[in-house]
Amino acid sequence: MYPLTCMDGYKIPLRAEVYVLDIVPFTSGPATISSDQKLSLFNPASLSTGPLVNHLTNHGNITCAKAFDVGNAIVCTAGEDGSISAWDLRQDATKAEVARLTENKVPVSSLACSSEGLSIAVGTELQDHQASIFIWDVRSMSTPKAHYKEFHSDDVTELSYHPSNHRILLSGSMDGLVNIYDTRITDEDEIIIQTFNHEASIHHAGFLNNTEVFALSHDEKLAMYDVAENYEQGVATTDFGDMREILGCQYIANIFAKSNGAGAVIGAGAHDQQAFHMIHLAKGQGWDLDQDNFVSMPGAHSSEIVRSFCFYDEVQTVYSAGEDGYIKAWRPTS
């Protein structure tokens, strides 16, 4: 076990209970969205001084945010009224919202952005027996360039673009399906490259590398799948089952692929222990959990859920955000 120390932190200064919902990592520092409808950007060297940028969003209730351009602090947000906004966090408050899409009226439950593909994709909740995926080309945002409405039978809870091919899009849904699309194809009968049935409501899903994806259910069941042609279509290559039993945790916050290709990291928490751990998923012939060398954040966010975490390897810093209203910075003590 490698314990980290909380070196810095900031708590949203409101009497009402406010959750920090997610962290969006930028080159300039971490941004957050919170249940008081704020989009904030922090100085990574001084969280405690408060946000450098603190914009009030206008989505009814904000539900998701994703970076469009990590290097230039451009982020997209969306929410329950169906609207989508693009923000340039380098601009002052009067100019920061650089685009707003209001055509969709169905609550947005997931969001993905591709600066290389000049695309923004959103997934909606199920409404009137239909859950949709809309894709916009940022060069012409008056109407979506694509609208998929036949591929999921429940809320679309996850969207993610392929790490190197910006035409490939992944979606996950509460119907248990994870779909991989080639967005260049216009024939809806041909657009899905592959479908994986996780057989449980999808909480998170994403690409681990060029061919492998993970699916994590709301009841913490984890499996890996491979879209490569030499694997049986739709069948899990690694099925861990219930991660609560394996890791002795109570919830999984998320899973992120390492940028250097060296596997992935699972963020797992336990309320009753006031603990949050990061466990390495090592990639060899298959996927293996390295439970002997996990990184711990003692005390975490007290007994509250850690909603999000991210790591800046180059400065050996982990940021976490939770339902206690805090964003915290963690570093090794030596």
# chains A, B, ... in the order shown; residues from 1 in each chain; ligands from 1
>>> residues_around(residues="range 305-310 of chain A", least_positions_apart="2", cutoff="7 Å", atoms="only C-alpha atoms", output="JSON, numbers by chain")
{"A": [21, 22, 23, 25, 253, 271, 301, 303, 312, 318, 319, 320, 321, 322, 323]}
>>> select_by_dssp(residues="range 126-287 of chain A", states="strand (DSSP E or B)", output="JSON, numbers by chain")
{"A": [127, 130, 133, 134, 135, 136, 137, 140, 146, 147, 148, 156, 157, 158, 159, 160, 161, 168, 169, 170, 171, 172, 173, 177, 178, 179, 180, 181, 182, 192, 193, 194, 195, 196, 197, 202, 203, 204, 205, 206, 207, 212, 213, 214, 215, 216, 217, 221, 222, 223, 224, 225, 226, 238, 239, 240, 241, 242, 251, 252, 253, 254, 255, 256, 257, 264, 265, 266, 267, 268, 269, 270, 275, 276, 277, 278, 279, 280, 281, 282, 283, 287]}
>>> atom_distance(atom1="CA of Val98 in chain A", atom2="CA of Ile74 in chain A")
9.4 Å
>>> residues_around(residues="Met224 in chain A", least_positions_apart="6", cutoff="7 Å", atoms="only C-alpha atoms", output="number ranges by chain")
A: 212-215, 236-239
>>> residues_around(residues="Val108 in chain A", least_positions_apart="5", cutoff="9 Å", atoms="only C-alpha atoms", output="ChimeraX atom specification")
/A:62-64,78-84,122-125,156-157
>>> residues_around(residues="Leu41 in chain A", least_positions_apart="4", cutoff="12 Å", atoms="only C-alpha atoms", output="MDAnalysis selection string")
chainID A and resid 10 22:34 46:47 49:55 73:75 87:91 327
>>> residues_around(residues="range 175-179 of chain A", least_positions_apart="4", cutoff="8 Å", atoms="only C-alpha atoms", output="VMD selection string")
chain A and resid 152 to 155 170 to 171 192 to 202 205 215 217
>>> closest_residue(among="A:Val235, A:Ile252, A:Ala146, A:Leu4", to="Ile185 in chain A", atoms="only C-alpha atoms")
A:Ala146
>>> closest_residue(among="A:Phe256, A:Tyr225, A:Phe207, A:Tyr148", to="Phe240 in chain A", atoms="only C-alpha atoms")
A:Tyr225
>>> decode(residues="range 319-334 of chain A", atoms="N, CA and C atoms", output="compact mmCIF listing (two decimals), in the first residue's frame")
# COMPACT_ATOMS: atom_id res chain seq x y z
N TYR A 319 -6.22 14.30 -7.86
CA TYR A 319 -7.31 15.15 -7.41
C TYR A 319 -8.55 14.30 -7.22
N SER A 320 -9.29 14.57 -6.16
CA SER A 320 -10.54 13.85 -5.90
C SER A 320 -11.64 14.86 -5.58
N ALA A 321 -12.88 14.47 -5.86
CA ALA A 321 -14.03 15.33 -5.59
C ALA A 321 -15.15 14.48 -5.04
N GLY A 322 -15.91 15.05 -4.11
CA GLY A 322 -16.90 14.21 -3.44
C GLY A 322 -18.19 14.90 -3.08
N GLU A 323 -19.06 14.11 -2.49
CA GLU A 323 -20.38 14.60 -2.08
C GLU A 323 -20.32 15.42 -0.80
N ASP A 324 -19.11 15.62 -0.28
CA ASP A 324 -18.93 16.53 0.86
C ASP A 324 -18.67 17.96 0.40
N GLY A 325 -18.67 18.19 -0.92
CA GLY A 325 -18.45 19.52 -1.45
C GLY A 325 -16.99 19.91 -1.62
N TYR A 326 -16.08 18.97 -1.42
CA TYR A 326 -14.65 19.25 -1.50
C TYR A 326 -14.05 18.79 -2.82
N ILE A 327 -13.04 19.53 -3.29
CA ILE A 327 -12.05 19.01 -4.21
C ILE A 327 -10.73 19.01 -3.45
N LYS A 328 -10.00 17.88 -3.52
CA LYS A 328 -8.77 17.73 -2.75
C LYS A 328 -7.61 17.32 -3.65
N ALA A 329 -6.40 17.73 -3.23
CA ALA A 329 -5.17 17.36 -3.91
C ALA A 329 -4.35 16.44 -3.01
N TRP A 330 -3.91 15.31 -3.57
CA TRP A 330 -3.19 14.29 -2.81
C TRP A 330 -1.82 14.06 -3.45
N ARG A 331 -0.80 13.97 -2.58
CA ARG A 331 0.56 13.73 -3.08
C ARG A 331 1.30 12.80 -2.14
N PRO A 332 2.37 12.16 -2.63
CA PRO A 332 3.22 11.37 -1.74
C PRO A 332 3.87 12.27 -0.69
N THR A 333 4.13 11.71 0.47
CA THR A 333 4.72 12.51 1.55
C THR A 333 6.20 12.71 1.37
N SER A 334 6.86 11.83 0.64
CA SER A 334 8.31 11.97 0.46
C SER A 334 8.66 12.21 -0.98
